[in-house]
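**Q** Could you have a look at this structure, given as structure tokens, before my questions?
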Amino acid sequence: MTITQEQQLVLFKPQGSIDLQGGLALSEQMTQAGSQPDQLWVIDLAEVDFMDSSGLVSLVKGLTSARQLGCRLVLCNVQTPVRLILELTQLDSVFEIFDTYEDIVTLVNGGNLALVS
């Protein structure tokens, strides 16, 4: 997993499967990311090809944590298998999902994306 932190943006790039083990690793990384309010947490799912229910739990916990800290969590580059899981569970309406990381950066730099929802 790769984590990049620039200004108020924290990028998480999990790889492979977000199952029980991958979900725990992602949750741990989000916990260690810091707790500055007004951060934007981006989970780039470009290299994730599988997610099960425990992976969904880690995403929901991350979203809850981000909101409690005054941060915003968004997803990008969601691959078809993962998007289907999000749609079947109707979590696609809970998470903000962007097509690409560049879309998020453009909106942040353009000032069109408020960091706290």
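By order in the structure tokens, chains are A, B, ...; within a chain, residues start at 1; ligands start at 1, following the order shown.
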Name the residues of chain A that come out as alpha helix (DSSP H) in a backbone DSSP run; write them as a VMD selection string.
**A** chain A and resid 20 to 32 53 to 68 80 to 88 101 to 109
**Q** For range 65-99 of chain A versus range 37-43 of chain A, which residues have an atom no more than 7 Å away, and what is each residue's nearest atom pair and distance in Å rounded to one decimal, using only C-alpha atoms, chain-then-number order, as a Markdown table?
**A**
```
| residue | atom | partner | partner_atom | distance |
| --- | --- | --- | --- | --- |
| A:Leu69 | CA | A:Pro37 | CA | 5.8 |
| A:Gly70 | CA | A:Pro37 | CA | 4.8 |
| A:Cys71 | CA | A:Asp38 | CA | 4.8 |
| A:Arg72 | CA | A:Leu40 | CA | 4.9 |
| A:Leu73 | CA | A:Trp41 | CA | 4.5 |
| A:Val74 | CA | A:Val42 | CA | 5.1 |
| A:Leu75 | CA | A:Ile43 | CA | 4.9 |
| A:Cys76 | CA | A:Ile43 | CA | 6.4 |
```
**Q** Pick out the closest residue to Leu9 in chain A from this set: A:Gln36, A:Ser58, A:Ser27, A:Gln90. Count only C-alpha atoms.
**A**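 Looking at the shortest contact to Leu9 in chain A, the residue is A:Gln36.
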**Q** Return the single residue from A:Glu28, A:Asp44, A:Asp92, A:Glu87 that is closest to Gly62 in chain A, with distances computed using only C-alpha atoms.
**A**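 Once distances to Gly62 in chain A are computed over only C-alpha atoms, the minimum belongs to A:Glu28.
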**Q** Please, which residues of chain A, numbered as in this document, come out strand (DSSP E or B) from DSSP, as a VMD selection string?
**A** chain A and resid 2 to 6 9 to 13 15 to 18 40 to 44 47 to 51 72 to 76 96 to 98
**Q** Please provide as number ranges by chain all residues within 6 Å of range 98-103 of chain A, with the sequence filter that same-chain residues fewer than 2 positions apart are discarded (counting only C-alpha atoms).
**A** A: 76-77, 105-106
**Q** How many Å separate CA of Val10 in chain A from CA of Thr64 in chain A?
**A**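 Straight-line distance from CA of Val10 in chain A to CA of Thr64 in chain A works out to 16.0 Å.
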**Q** Under the rule that only C-alpha atoms are counted, which of A:Gly16, A:Leu26, A:Glu47, A:Val60 is the nearest residue to Val94 in chain A?
**A** A:Val60
